[in-house]
>>> print(open('upload39.tsv').read())   # TSV, C-alpha atoms and all ligand atoms
chain	number	residue	atom	x	y	z
R	1	MET	CA	-18.32	-3.25	24.21
R	2	LEU	CA	-17.92	-6.08	21.74
R	3	SER	CA	-17.58	-9.80	22.28
R	4	ARG	CA	-14.11	-11.18	21.63
R	5	LYS	CA	-15.51	-12.86	18.55
R	6	ASP	CA	-17.00	-9.68	17.09
R	7	ASN	CA	-13.85	-7.75	17.93
R	8	GLU	CA	-11.82	-10.25	15.97
R	9	TYR	CA	-14.36	-10.16	13.12
R	10	LEU	CA	-14.15	-6.37	12.86
R	11	THR	CA	-10.42	-5.87	13.15
R	12	LYS	CA	-8.86	-8.62	10.98
R	13	VAL	CA	-8.24	-7.69	7.34
R	14	GLY	CA	-6.06	-10.42	5.80
R	15	PRO	CA	-7.11	-12.39	2.69
R	16	GLY	CA	-10.37	-14.27	3.25
R	17	THR	CA	-11.52	-12.33	6.32
R	18	PRO	CA	-15.00	-10.74	6.08
R	19	VAL	CA	-13.86	-7.18	6.78
R	20	GLY	CA	-10.75	-7.74	4.64
R	21	ASN	CA	-13.11	-8.70	1.83
R	22	LEU	CA	-15.11	-5.51	2.38
R	23	PHE	CA	-11.94	-3.40	2.13
R	24	ARG	CA	-11.08	-5.32	-1.03
R	25	ARG	CA	-14.28	-4.03	-2.67
R	26	HIS	CA	-13.08	-0.41	-2.27
R	27	TRP	CA	-10.32	1.70	-3.78
R	28	LEU	CA	-7.76	2.33	-1.04
R	29	PRO	CA	-5.42	5.34	-0.87
R	30	ALA	CA	-2.00	3.85	-0.17
R	31	LEU	CA	0.92	5.87	-1.56
R	32	LEU	CA	1.66	9.50	-2.22
R	33	SER	CA	2.30	10.13	-5.92
R	34	THR	CA	5.60	11.69	-4.87
R	35	GLU	CA	6.82	8.28	-3.67
R	36	LEU	CA	7.07	7.30	-7.35
R	37	PRO	CA	8.21	10.66	-8.70
R	38	GLU	CA	9.00	9.75	-12.31
R	39	PRO	CA	8.86	6.96	-14.93
R	40	ASP	CA	11.32	4.11	-14.31
R	41	CYS	CA	12.19	5.40	-10.84
R	42	ALA	CA	13.08	3.10	-7.95
R	43	PRO	CA	10.26	0.76	-6.90
R	44	VAL	CA	8.65	1.11	-3.48
R	45	ARG	CA	7.66	-1.67	-1.12
R	46	LEU	CA	4.46	-1.57	0.81
R	47	LYS	CA	2.06	-3.71	2.74
R	48	LEU	CA	-1.68	-3.45	2.30
R	49	LEU	CA	-4.36	-5.60	3.97
R	50	GLY	CA	-1.58	-7.87	5.16
R	51	GLU	CA	-0.21	-8.48	1.63
R	52	GLU	CA	3.39	-7.70	0.69
R	53	LEU	CA	3.47	-5.59	-2.48
R	54	VAL	CA	5.89	-3.68	-4.64
R	55	ALA	CA	4.86	-0.57	-6.57
R	56	PHE	CA	6.67	0.82	-9.60
R	57	ARG	CA	6.09	3.57	-12.13
R	58	ALA	CA	6.59	2.18	-15.61
R	59	THR	CA	8.13	3.99	-18.59
R	60	SER	CA	4.68	5.17	-19.69
R	61	GLY	CA	4.01	6.68	-16.24
R	62	ARG	CA	1.49	3.98	-15.33
R	63	VAL	CA	1.78	2.62	-11.79
R	64	GLY	CA	2.11	-1.14	-11.37
R	65	MET	CA	1.29	-2.87	-8.08
R	66	LEU	CA	2.64	-6.41	-7.91
R	67	GLY	CA	2.90	-9.13	-5.32
R	68	THR	CA	6.41	-8.68	-4.05
R	69	TYR	CA	7.68	-12.27	-4.37
R	70	CYS	CA	8.79	-13.47	-7.78
R	71	PRO	CA	6.80	-16.50	-8.97
R	72	HIS	CA	10.03	-18.16	-10.16
R	73	ARG	CA	11.76	-18.85	-6.85
R	74	ASN	CA	10.38	-16.17	-4.55
R	75	ALA	CA	13.08	-13.52	-4.76
R	76	ASN	CA	11.88	-10.09	-3.71
R	77	LEU	CA	10.96	-7.89	-6.68
R	78	PHE	CA	11.76	-4.84	-4.55
R	79	TRP	CA	15.37	-5.36	-5.70
R	80	GLY	CA	14.08	-5.34	-9.28
R	81	ARG	CA	15.19	-3.30	-12.28
R	82	ASN	CA	12.47	-0.93	-13.43
R	83	GLU	CA	13.00	-0.75	-17.17
R	84	GLU	CA	11.06	-0.52	-20.42
R	85	GLU	CA	7.52	-0.85	-19.13
R	86	GLY	CA	8.17	-3.57	-16.61
R	87	LEU	CA	9.90	-4.69	-13.44
R	88	ARG	CA	12.65	-7.25	-13.88
R	89	CYS	CA	13.61	-9.65	-11.07
R	90	VAL	CA	17.33	-9.36	-10.40
R	91	TYR	CA	17.75	-13.05	-9.56
R	92	HIS	CA	17.26	-14.57	-13.06
R	93	GLY	CA	15.85	-11.68	-15.07
R	94	TRP	CA	12.18	-12.58	-15.35
R	95	LYS	CA	10.27	-9.44	-16.23
R	96	PHE	CA	6.68	-8.47	-15.33
R	97	ASP	CA	4.49	-5.73	-16.69
R	98	ALA	CA	1.98	-3.72	-14.64
R	99	ASP	CA	-0.70	-6.34	-15.32
R	100	GLY	CA	1.51	-9.06	-13.82
R	101	ALA	CA	2.18	-10.78	-17.17
R	102	CYS	CA	5.63	-12.33	-17.48
R	103	VAL	CA	6.86	-10.56	-20.62
R	104	ASP	CA	10.43	-11.87	-20.65
R	105	MET	CA	12.13	-14.99	-19.32
R	106	PRO	CA	15.73	-14.72	-20.53
R	107	ASN	CA	17.06	-17.79	-18.68
R	108	GLU	CA	14.72	-20.18	-20.57
R	109	PRO	CA	15.17	-21.29	-24.20
R	110	PRO	CA	13.81	-18.71	-26.65
R	111	ARG	CA	11.13	-21.01	-28.00
R	112	SER	CA	9.85	-22.09	-24.62
R	113	GLN	CA	6.48	-20.52	-23.96
R	114	PHE	CA	6.75	-21.14	-20.25
R	115	ASN	CA	6.40	-17.41	-19.60
R	116	GLU	CA	2.81	-17.46	-20.90
R	117	LYS	CA	1.83	-19.74	-18.04
R	118	ILE	CA	3.14	-17.36	-15.40
R	119	GLN	CA	0.94	-14.68	-13.88
R	120	GLN	CA	2.15	-12.54	-11.01
R	121	THR	CA	-0.38	-11.06	-8.58
R	122	ALA	CA	-1.15	-7.57	-9.87
R	123	TYR	CA	-3.66	-5.04	-8.57
R	124	ALA	CA	-5.32	-2.15	-10.37
R	125	THR	CA	-4.11	1.34	-9.50
R	126	ALA	CA	-5.42	4.84	-10.06
R	127	GLU	CA	-3.91	8.24	-9.35
R	128	ARG	CA	-6.18	10.94	-7.94
R	129	GLY	CA	-5.50	13.92	-5.73
R	130	GLY	CA	-1.75	13.33	-5.53
R	131	VAL	CA	-2.38	9.85	-4.13
R	132	ILE	CA	-1.99	6.38	-5.63
R	133	TRP	CA	-5.07	4.22	-5.00
R	134	VAL	CA	-5.16	0.45	-5.12
R	135	TYR	CA	-8.04	-1.92	-5.81
R	136	MET	CA	-7.44	-5.45	-4.51
R	137	GLY	CA	-10.82	-7.06	-5.22
R	138	PRO	CA	-12.21	-9.20	-8.03
R	139	PRO	CA	-11.19	-7.55	-11.35
R	140	ASP	CA	-14.66	-7.92	-12.88
R	141	LEU	CA	-16.20	-5.94	-9.99
R	142	GLU	CA	-13.73	-3.04	-10.15
R	143	PRO	CA	-15.56	0.10	-8.97
R	144	LYS	CA	-15.01	3.75	-9.84
R	145	VAL	CA	-12.69	5.84	-7.68
R	146	PRO	CA	-14.75	7.75	-5.06
R	147	GLU	CA	-15.28	11.39	-6.02
R	148	LEU	CA	-13.93	12.92	-2.84
R	149	GLU	CA	-13.67	16.67	-3.21
R	150	TRP	CA	-9.91	16.78	-2.56
R	151	THR	CA	-9.32	14.53	-5.56
R	152	LEU	CA	-11.12	17.06	-7.78
R	153	VAL	CA	-9.41	20.35	-6.82
R	154	PRO	CA	-6.18	21.77	-8.35
R	155	ALA	CA	-2.94	20.34	-6.91
R	156	GLU	CA	-2.02	23.52	-5.03
R	157	ASN	CA	-5.39	23.44	-3.22
R	158	ARG	CA	-4.64	20.17	-1.47
R	159	ASN	CA	-1.95	18.85	0.83
R	160	PRO	CA	-1.86	15.05	1.07
R	161	SER	CA	0.34	13.50	3.73
R	162	LYS	CA	1.01	10.02	5.04
R	163	ARG	CA	2.14	8.37	8.23
R	164	ILE	CA	2.35	4.82	9.50
R	165	GLN	CA	0.43	4.31	12.70
R	166	ALA	CA	1.34	1.43	15.02
R	167	CYS	CA	-2.17	0.15	15.69
R	168	ASN	CA	-5.11	-1.57	14.06
R	169	TRP	CA	-7.00	0.64	11.58
R	170	LEU	CA	-10.21	0.61	13.66
R	171	GLN	CA	-8.58	2.45	16.57
R	172	ASN	CA	-7.63	5.24	14.19
R	173	LEU	CA	-11.11	5.35	12.67
R	174	GLU	CA	-12.81	5.32	16.07
R	175	GLY	CA	-10.76	8.33	17.13
R	176	GLU	CA	-11.96	10.22	14.06
R	177	VAL	CA	-15.66	9.57	14.67
R	178	ASP	CA	-15.43	10.37	18.39
R	179	SER	CA	-15.86	14.10	18.57
R	180	SER	CA	-16.09	14.26	22.37
R	181	HIS	CA	-12.36	13.71	22.92
R	182	ALA	CA	-11.33	17.04	21.39
R	183	ASN	CA	-12.23	19.06	24.51
R	184	PHE	CA	-9.85	16.92	26.53
R	185	LEU	CA	-7.06	15.29	24.53
R	186	HIS	CA	-6.45	18.34	22.35
R	187	ALA	CA	-7.10	21.07	24.94
R	188	GLN	CA	-4.66	23.87	25.69
R	189	LEU	CA	-4.36	25.13	29.27
R	190	GLY	CA	-4.94	28.72	30.35
R	191	PRO	CA	-3.05	30.72	33.03
R	192	ASP	CA	-5.17	28.95	35.66
R	193	ARG	CA	-3.85	25.66	34.26
R	194	ARG	CA	-7.31	24.52	33.30
R	195	PRO	CA	-8.40	23.73	29.73
R	196	ILE	CA	-9.23	26.89	27.80
R	197	ARG	CA	-12.88	26.97	26.82
R	198	ASN	CA	-13.17	29.69	24.19
R	199	ASP	CA	-16.89	30.17	24.14
R	200	ALA	CA	-20.21	28.55	24.95
R	201	ARG	CA	-19.54	25.86	22.35
R	202	ASP	CA	-16.52	24.61	24.29
R	203	GLU	CA	-18.27	24.81	27.67
R	204	ASP	CA	-20.62	21.98	26.86
R	205	LEU	CA	-18.43	18.95	27.50
R	206	HIS	CA	-21.06	16.28	27.01
R	207	PRO	CA	-22.50	16.64	23.53
R	208	VAL	CA	-25.62	14.75	22.54
R	209	PHE	CA	-24.78	12.31	19.76
R	210	SER	CA	-26.99	11.02	16.97
R	211	VAL	CA	-26.21	8.96	13.90
R	212	LEU	CA	-27.98	8.87	10.58
R	213	GLU	CA	-27.41	6.13	8.05
R	214	THR	CA	-26.49	7.55	4.64
R	215	ASP	CA	-25.58	6.18	1.23
R	216	TYR	CA	-21.84	6.78	1.90
R	217	GLY	CA	-21.89	5.44	5.45
R	218	LEU	CA	-23.03	7.52	8.42
R	219	ALA	CA	-23.50	11.12	9.41
R	220	ILE	CA	-22.43	11.40	13.04
R	221	ALA	CA	-23.80	14.48	14.76
R	222	ALA	CA	-22.62	15.97	18.04
R	223	ARG	CA	-24.93	18.66	19.43
R	224	ARG	CA	-23.69	21.12	22.04
R	225	ASP	CA	-25.57	23.90	23.76
R	226	ALA	CA	-24.41	27.29	22.52
R	227	GLY	CA	-26.29	29.87	24.55
R	228	PRO	CA	-29.98	29.86	25.46
R	229	ASP	CA	-31.53	29.46	22.00
R	230	LYS	CA	-28.78	27.97	19.83
R	231	TYR	CA	-27.11	24.65	19.24
R	232	TYR	CA	-23.60	24.03	17.97
R	233	TRP	CA	-23.68	21.08	15.55
R	234	ARG	CA	-20.58	19.19	14.53
R	235	ILE	CA	-21.22	16.52	11.93
R	236	THR	CA	-18.59	14.01	10.88
R	237	PRO	CA	-19.26	11.99	7.76
R	238	PHE	CA	-18.04	8.42	8.11
R	239	MET	CA	-17.50	7.15	4.58
R	240	LEU	CA	-17.12	3.42	4.01
R	241	PRO	CA	-14.83	1.66	4.43
R	242	SER	CA	-12.73	3.87	6.77
R	243	TYR	CA	-12.72	7.51	5.66
R	244	THR	CA	-13.78	10.60	7.62
R	245	ILE	CA	-13.70	14.37	7.40
R	246	ILE	CA	-13.03	16.33	10.57
R	247	PRO	CA	-15.93	18.67	11.33
R	248	GLY	CA	-15.31	22.34	10.84
R	249	THR	CA	-13.04	24.26	8.57
R	250	TYR	CA	-9.71	25.91	9.20
R	251	SER	CA	-9.66	29.11	7.19
R	252	ASP	CA	-11.93	27.51	4.63
R	253	ALA	CA	-10.00	24.23	4.42
R	254	TYR	CA	-11.25	20.75	5.34
R	255	THR	CA	-9.30	17.72	6.53
R	256	PHE	CA	-9.85	14.16	5.31
R	257	THR	CA	-8.46	11.09	7.05
R	258	GLY	CA	-8.24	7.58	5.63
R	259	ALA	CA	-7.42	4.77	8.06
R	260	VAL	CA	-6.09	2.21	5.60
R	261	PRO	CA	-5.11	-1.17	7.04
R	262	ARG	CA	-1.48	-2.03	6.37
R	263	ASP	CA	-1.94	-5.25	8.30
R	264	ASP	CA	-3.80	-6.13	11.50
R	265	THR	CA	-1.53	-4.08	13.76
R	266	THR	CA	-0.39	-1.16	11.61
R	267	THR	CA	-2.25	1.46	9.60
R	268	ILE	CA	-1.44	3.74	6.70
R	269	GLY	CA	-2.86	7.08	7.76
R	270	ILE	CA	-3.59	9.32	4.79
R	271	THR	CA	-4.52	12.85	5.76
R	272	VAL	CA	-5.42	15.52	3.21
R	273	THR	CA	-6.14	19.15	3.89
R	274	TRP	CA	-7.86	20.92	1.02
R	275	SER	CA	-9.80	23.97	0.02
R	276	SER	CA	-12.08	24.42	-2.94
R	277	GLN	CA	-11.24	28.13	-2.88
R	278	HIS	CA	-7.52	28.68	-2.50
R	279	PRO	CA	-4.06	27.06	-2.24
R	280	VAL	CA	-3.21	25.43	1.10
R	281	PRO	CA	0.24	25.17	2.77
R	282	GLN	CA	2.24	22.17	1.58
R	283	ARG	CA	3.64	20.63	4.75
R	284	PRO	CA	3.49	17.27	6.48
R	285	PHE	CA	0.70	16.78	9.00
R	286	VAL	CA	3.21	15.11	11.32
R	287	GLU	CA	7.00	14.93	10.99
R	288	VAL	CA	7.92	11.52	9.60
R	289	ASP	CA	11.10	9.74	8.52
R	290	SER	CA	11.69	8.37	5.01
R	291	ASP	CA	9.55	5.31	5.84
R	292	PHE	CA	6.67	7.54	7.02
R	293	VAL	CA	7.23	6.58	10.65
R	294	PRO	CA	6.46	9.61	12.86
R	295	LEU	CA	9.50	11.07	14.64
R	296	GLN	CA	7.40	11.37	17.81
R	297	ASN	CA	6.35	7.77	18.37
R	298	LYS	CA	5.76	5.07	20.94
R	299	SER	CA	9.47	4.25	21.30
R	300	ASN	CA	10.22	7.77	22.57
R	301	ASP	CA	6.91	8.28	24.43
R	302	TYR	CA	5.89	10.80	21.73
R	303	LEU	CA	8.35	13.19	23.43
R	304	ILE	CA	5.81	13.88	26.18
R	305	ASP	CA	6.83	16.88	28.28
R	306	ARG	CA	5.37	16.55	31.78
R	307	GLU	CA	6.10	20.18	32.65
R	308	ALA	CA	4.16	21.30	29.55
R	309	GLN	CA	1.37	18.95	30.65
R	310	ARG	CA	1.14	20.83	33.98
R	311	THR	CA	1.28	24.27	32.44
R	312	VAL	CA	0.28	24.55	28.77
R	313	SER	CA	-1.50	21.53	27.33
R	314	TYR	CA	-3.71	18.68	28.48
R	315	THR	CA	-1.28	16.01	27.23
R	316	GLY	CA	2.13	17.66	27.15
R	317	ILE	CA	2.47	16.09	23.71
R	318	ARG	CA	3.19	18.37	20.76
R	319	GLY	CA	0.86	18.18	17.77
R	320	VAL	CA	-2.82	17.28	17.53
R	321	ARG	CA	-2.22	14.22	15.33
R	322	VAL	CA	0.54	12.93	17.63
R	323	GLN	CA	-1.82	13.33	20.60
R	324	ASP	CA	-4.27	11.11	18.74
R	325	MET	CA	-1.56	8.57	17.97
R	326	ALA	CA	-0.44	8.39	21.60
R	327	VAL	CA	-3.86	7.26	22.77
R	328	GLN	CA	-4.77	5.18	19.70
R	329	GLU	CA	-1.57	3.16	19.46
R	330	ASP	CA	-2.00	1.56	22.86
R	331	GLN	CA	-5.56	0.74	23.89
R	332	ARG	CA	-4.49	-2.44	25.68
R	333	GLY	CA	-2.14	-2.91	22.79
R	334	PRO	CA	-2.34	-2.37	19.05
R	335	ILE	CA	-5.66	-4.25	18.77
R	336	SER	CA	-7.95	-2.93	21.46
R	337	ASP	CA	-9.70	-5.57	23.57
R	338	ARG	CA	-13.22	-4.21	23.15
R	339	SER	CA	-14.70	-6.86	25.45
R	340	ARG	CA	-13.24	-4.79	28.31
R	341	GLU	CA	-14.72	-1.41	27.37
R	342	HIS	CA	-17.49	0.54	29.12
R	343	LEU	CA	-19.17	2.62	26.45
R	344	GLY	CA	-21.25	5.67	27.32
R	345	SER	CA	-23.63	7.90	25.42
R	346	SER	CA	-20.71	9.88	23.96
R	347	ASP	CA	-19.67	6.69	22.16
R	348	THR	CA	-22.78	6.62	19.98
R	349	GLY	CA	-20.75	7.45	16.86
R	350	VAL	CA	-18.22	4.73	17.61
R	351	ILE	CA	-20.96	2.15	18.12
R	352	GLY	CA	-22.77	3.20	14.93
R	353	THR	CA	-19.58	3.00	12.90
R	354	ARG	CA	-18.78	-0.50	14.11
R	355	ARG	CA	-22.32	-1.67	13.34
R	356	ARG	CA	-22.33	-0.15	9.86
R	357	ILE	CA	-19.07	-1.88	8.92
R	358	MET	CA	-20.05	-5.16	10.49
R	359	ARG	CA	-23.44	-5.25	8.76
R	360	GLN	CA	-21.88	-4.55	5.37
R	361	ALA	CA	-19.22	-7.21	5.88
R	362	GLN	CA	-21.92	-9.71	6.86
R	363	ALA	CA	-24.05	-8.74	3.87
R	364	LEU	CA	-21.09	-9.12	1.54
R	365	ALA	CA	-20.39	-12.55	3.00
R	366	ARG	CA	-23.95	-13.45	2.01
R	367	GLY	CA	-23.34	-12.17	-1.52
R	368	ALA	CA	-24.69	-8.58	-1.33
R	369	GLU	CA	-22.27	-6.11	-2.92
R	370	PRO	CA	-21.70	-2.83	-1.00
R	371	PRO	CA	-23.76	-0.33	-3.02
R	372	GLN	CA	-21.60	2.76	-2.42
R	373	VAL	CA	-18.59	1.40	-4.31
R	374	HIS	CA	-20.47	1.68	-7.58
R	375	SER	CA	-21.78	5.18	-6.80
R	376	PRO	CA	-18.62	7.30	-6.61
R	377	GLU	CA	-20.71	10.49	-6.47
R	378	VAL	CA	-22.00	9.71	-2.95
R	379	TYR	CA	-18.52	10.59	-1.69
R	380	ARG	CA	-19.00	14.24	-2.74
R	381	ILE	CA	-19.52	15.31	0.84
R	382	ARG	CA	-18.01	17.67	3.42
R	383	SER	CA	-18.13	17.87	7.20
R	384	MET	CA	-20.06	20.53	9.04
R	385	ALA	CA	-19.62	22.71	12.15
R	386	VAL	CA	-22.46	25.20	12.45
R	387	VAL	CA	-24.24	27.21	15.15
R	388	ALA	CA	-27.97	27.35	14.42
R	389	ASP	CA	-31.27	28.15	16.07
R	390	ARG	CA	-32.52	25.30	18.18
R	391	HIS	CA	-35.64	24.78	16.10
R	392	VAL	CA	-33.67	23.98	12.92
R	393	ALA	CA	-33.47	20.24	12.26
R	394	TRP	CA	-29.95	18.91	11.79
R	395	GLN	CA	-31.00	16.98	8.71
R	396	ASP	CA	-31.86	20.35	7.12
R	397	LEU	CA	-28.48	21.78	8.13
R	398	MET	CA	-26.81	18.75	6.58
R	399	ARG	CA	-28.58	19.23	3.27
R	400	GLU	CA	-27.48	22.85	3.25
R	401	HIS	CA	-23.85	22.48	4.35
R	402	MET	CA	-22.53	19.03	3.49
R	403	PRO	CA	-22.95	18.24	-0.23
R	404	VAL	CA	-20.13	19.35	-2.50
R	405	ALA	CA	-21.60	21.63	-5.15
R	501	LIG	S1	13.49	-15.66	-8.57
R	501	LIG	FE1	12.89	-14.10	-9.87
R	501	LIG	S2	13.71	-14.63	-11.78
R	501	LIG	FE2	14.30	-16.22	-10.50
R	502	FE	FE	-8.23	13.86	17.81
>>> encode(input="upload39.tsv", output="C-alpha cells")
Amino acid sequence: MLSRKDNEYLTKVGPGTPVGNLFRRHWLPALLSTELPEPDCAPVRLKLLGEELVAFRATSGRVGMLGTYCPHRNANLFWGRNEEEGLRCVYHGWKFDADGACVDMPNEPPRSQFNEKIQQTAYATAERGGVIWVYMGPPDLEPKVPELEWTLVPAENRNPSKRIQACNWLQNLEGEVDSSHANFLHAQLGPDRRPIRNDARDEDLHPVFSVLETDYGLAIAARRDAGPDKYYWRITPFMLPSYTIIPGTYSDAYTFTGAVPRDDTTTIGITVTWSSQHPVPQRPFVEVDSDFVPLQNKSNDYLIDREAQRTVSYTGIRGVRVQDMAVQEDQRGPISDRSREHLGSSDTGVIGTRRRIMRQAQALARGAEPPQVHSPEVYRIRSMAVVADRHVAWQDLMREHMPVA
C-alpha cells in the first residue's frame, strides 16, 4: 500500500515531476524503426512523458524528434512537409532541422535574421535493435544507450513489437515484476476444468520472494519447491527506469518489456523477443491497429469468452499479453489507487520496485544523478529460470546464468 501522496509521486511523469525527471535521464524506446521506413517519409506523431512530439526521418536517414507545435503560431508540424533535411510547417513554410534550428523562414524578408532567434524543442534520438530511442533530458548529461542484448544481435534474431496500453506505466511494470500471477491469470484448464499444473514447479503456488539491489535496478527472485531437494528459481531483472525481462526462455529466446510512459494514463509497451543463437519469428506480440491500439481492448472487453473461461482457460481471454492488459488497464481505473491495496508476501517484488524508483527520484531531486545511465554495460543482463539443488545460493546462480557474455 502507498499513501495517496506517494502514489501520486510515483505515477506522474509530466515535465517537472520527480519521476518524470528520472525518466528524462534515460534513453526511452518509443517507436519501431519501421514507423519511419525511409528518408523523407511521412512524419509520425507521438506522445512521450506527456509531451506532444512529431518524429521524422530526414533525407540523410537521421531521425528528428521535435515538439509538435510550430513556434510561429502553433500549427501542428505533423502536417509538415518532410524535405531536404528538415520538416517544413505547412502554415507559413518555416522549416526546422533535426536539431530544432529554424533553417528557413520564407515569409520574412530575406535579410531578416529572425530565424536565428527561433529554436524548436528537439530531443536526441538513437536507433538500436530496430527501435527508435529518445532522450528528453538535459543535453549536456546525455547518457549512452543501454547495451541490452537484443540491441546487439542481428536483425533476424529479434522481434520488436509495440502496443499502446490504456493505463499508467507503473501498472504495466508491476505486472512484469510480479511472477506469482502467472499460475493464475495465464493458466490453461485441464479436462477437470482446473488449472493445469505441469510439474512440481507449477504445484507450488506461493513462491518465496526476495529482492537484491543491483547496479541496473533489482534482481527479483521467486523460489518454488521443486521436489524434495530442489528449488525452482525464477529471477526477473528490473532495469531502471521501467524495463524487465520475463524469466525463462522459450526455445532459447528471451522477452524484454519496456513500460514507457506516453502520459499519466497511457503507456507505450515495447516488447522484444530475441535469441543470441538463431532467428526468431517476426510477428506482433498482440494484434494491433495502425495506431498500435490492440484489437482486443477495454472497449470490447478484450473479447472475453465466458464459455472458454469455464472450460479451457482461467480468463477466457485469448493471448497472454491481452490477459495482462485486461487486469492492468483497470485497477480502480487507469491509475491504481494504491492506498486501497492489501499487499502480501508475494508482492515483495512490487514493493521493492516501487522503493527503488522512488529512492532514485528523490536522490535525483537532491542533485544525485542516477549512476546506471552512464554505465550502459550494466544492462547486459538476462533473466533466469533454473532448477537447482537447494544448497546452491541464488546469488551464485545469478552470476552463472544472468550476465550476457
Ligand atoms: S505556424 Fe508554422 S510557419 Fe506559421
Ligand atoms: Fe503476465
>>> closest_atom_pairs(input="upload39.tsv", of="chain R", to="ligand LIG 501 (chain R)", cutoff="12 Å", atoms="all atoms listed in the file", output="Markdown table")
| residue | atom | partner | partner_atom | distance |
| --- | --- | --- | --- | --- |
| R:Thr68 | CA | R:LIG501 | FE1 | 10.3 |
| R:Tyr69 | CA | R:LIG501 | FE1 | 7.8 |
| R:Cys70 | CA | R:LIG501 | FE1 | 4.6 |
| R:Pro71 | CA | R:LIG501 | FE1 | 6.6 |
| R:His72 | CA | R:LIG501 | S1 | 4.6 |
| R:Arg73 | CA | R:LIG501 | S1 | 4.0 |
| R:Asn74 | CA | R:LIG501 | S1 | 5.1 |
| R:Ala75 | CA | R:LIG501 | S1 | 4.4 |
| R:Asn76 | CA | R:LIG501 | FE1 | 7.4 |
| R:Leu77 | CA | R:LIG501 | FE1 | 7.2 |
| R:Phe78 | CA | R:LIG501 | FE1 | 10.7 |
| R:Trp79 | CA | R:LIG501 | FE1 | 10.0 |
| R:Gly80 | CA | R:LIG501 | FE1 | 8.9 |
| R:Arg81 | CA | R:LIG501 | FE1 | 11.3 |
| R:Leu87 | CA | R:LIG501 | FE1 | 10.5 |
| R:Arg88 | CA | R:LIG501 | S2 | 7.7 |
| R:Cys89 | CA | R:LIG501 | FE1 | 4.7 |
| R:Val90 | CA | R:LIG501 | FE1 | 6.5 |
| R:Tyr91 | CA | R:LIG501 | FE2 | 4.8 |
| R:His92 | CA | R:LIG501 | S2 | 3.8 |
| R:Gly93 | CA | R:LIG501 | S2 | 4.9 |
| R:Trp94 | CA | R:LIG501 | S2 | 4.4 |
| R:Lys95 | CA | R:LIG501 | S2 | 7.7 |
| R:Phe96 | CA | R:LIG501 | S2 | 10.0 |
| R:Cys102 | CA | R:LIG501 | S2 | 10.2 |
| R:Val103 | CA | R:LIG501 | S2 | 11.9 |
| R:Asp104 | CA | R:LIG501 | S2 | 9.9 |
| R:Met105 | CA | R:LIG501 | S2 | 7.7 |
| R:Pro106 | CA | R:LIG501 | S2 | 9.0 |
| R:Asn107 | CA | R:LIG501 | S2 | 8.3 |
| R:Glu108 | CA | R:LIG501 | S2 | 10.4 |
| R:Asn115 | CA | R:LIG501 | S2 | 11.1 |
| R:Ile118 | CA | R:LIG501 | S2 | 11.5 |
| R:Gln120 | CA | R:LIG501 | FE1 | 10.9 |
>>> residues_around(input="upload39.tsv", residues="Tyr216 (chain R)", least_positions_apart="6", cutoff="6 Å", atoms="only C-alpha atoms", output="PDB file with C-alpha atoms, in the coordinates of the input")
ATOM      1  CA  MET R 239     -17.500   7.150   4.580  1.00  0.00           C
ATOM      2  CA  GLN R 372     -21.600   2.760  -2.420  1.00  0.00           C
ATOM      3  CA  VAL R 378     -22.000   9.710  -2.950  1.00  0.00           C
TER       4      VAL R 378
END
>>> residues_near_ligand(input="upload39.tsv", ligand="ligand FE 502 (chain R)", cutoff="8 Å", atoms="only C-alpha atoms and all ligand atoms", output="list in words")
Gly175, Glu176, Ser179, His181, Ala182, Leu185, His186, Val320, Arg321, Gln323 and Asp324 of chain R
>>> closest_atom_pairs(input="upload39.tsv", of="region 242-268 of chain R", to="region 277-289 of chain R", cutoff="10 Å", atoms="all atoms listed in the file", output="Markdown table")
| residue | atom | partner | partner_atom | distance |
| --- | --- | --- | --- | --- |
| R:Ser251 | CA | R:Val280 | CA | 9.6 |
| R:Asp252 | CA | R:Gln277 | CA | 7.6 |
| R:Ala253 | CA | R:Val280 | CA | 7.7 |
>>> residues_around(input="upload39.tsv", residues="Tyr9 (chain R)", least_positions_apart="5", cutoff="10 Å", atoms="all atoms listed in the file", output="PyMOL selection string")
chain R and resi 3-4+17-20+358+361-362
>>> residues_around(input="upload39.tsv", residues="Gly50 (chain R)", least_positions_apart="2", cutoff="12 Å", atoms="only C-alpha atoms", output="ChimeraX atom specification")
/R:12-17,20,23-24,46-48,52-53,67,136,168-169,260-268
>>> closest_residue(input="upload39.tsv", among="R:Gln171, R:Leu240, R:Asp204, R:Asn300", to="Arg332 (chain R)", atoms="only C-alpha atoms")
R:Gln171
>>> residues_near_point(input="upload39.tsv", point="(-25.3, 9.3, 15.7)", cutoff="9 Å", atoms="only C-alpha atoms", output="list in words")
Val208, Phe209, Ser210, Val211, Leu212, Glu213, Leu218, Ala219, Ile220, Ala221, Ala222, Asp347, Thr348, Gly349, Val350, Ile351, Gly352 and Thr353 of chain R
>>> atom_distance(input="upload39.tsv", atom1="CA of Ala58 (chain R)", atom2="CA of Leu152 (chain R)")
24.4 Å
>>> residues_around(input="upload39.tsv", residues="Tyr379 (chain R)", least_positions_apart="4", cutoff="10 Å", atoms="all atoms listed in the file", output="ChimeraX atom specification")
/R:145-149,215-217,237,239-240,243,372-373,375,403-404
>>> residues_around(input="upload39.tsv", residues="Ala30 (chain R)", least_positions_apart="6", cutoff="12 Å", atoms="only C-alpha atoms", output="PyMOL selection string")
chain R and resi 44-49+53-55+65+125-128+130-136+160-164+258-262+267-271+292
>>> closest_residue(input="upload39.tsv", among="R:Asp330, R:His401, R:Arg224, R:Ala187", to="Glu203 (chain R)", atoms="all atoms listed in the file")
R:Arg224
>>> atom_distance(input="upload39.tsv", atom1="CA of Lys5 (chain R)", atom2="CA of Ile335 (chain R)")
13.1 Å
>>> atom_distance(input="upload39.tsv", atom1="CA of Leu28 (chain R)", atom2="CA of Arg356 (chain R)")
18.4 Å
>>> closest_residue(input="upload39.tsv", among="R:Gly227, R:Gly100, R:Gly64, R:Gly248", to="Val386 (chain R)", atoms="all atoms listed in the file")
R:Gly248
>>> closest_residue(input="upload39.tsv", among="R:Leu31, R:Met325, R:Val312, R:Val153", to="Gln296 (chain R)", atoms="all atoms listed in the file")
R:Met325
>>> axis_aligned_box(input="upload39.tsv", around="region 213-221 of chain R", padding_each_side="6 Å", output="AutoDock Vina command-line options")
--center_x -24.6 --center_y 10.0 --center_z 8.0 --size_x 17.6 --size_y 21.0 --size_z 25.5
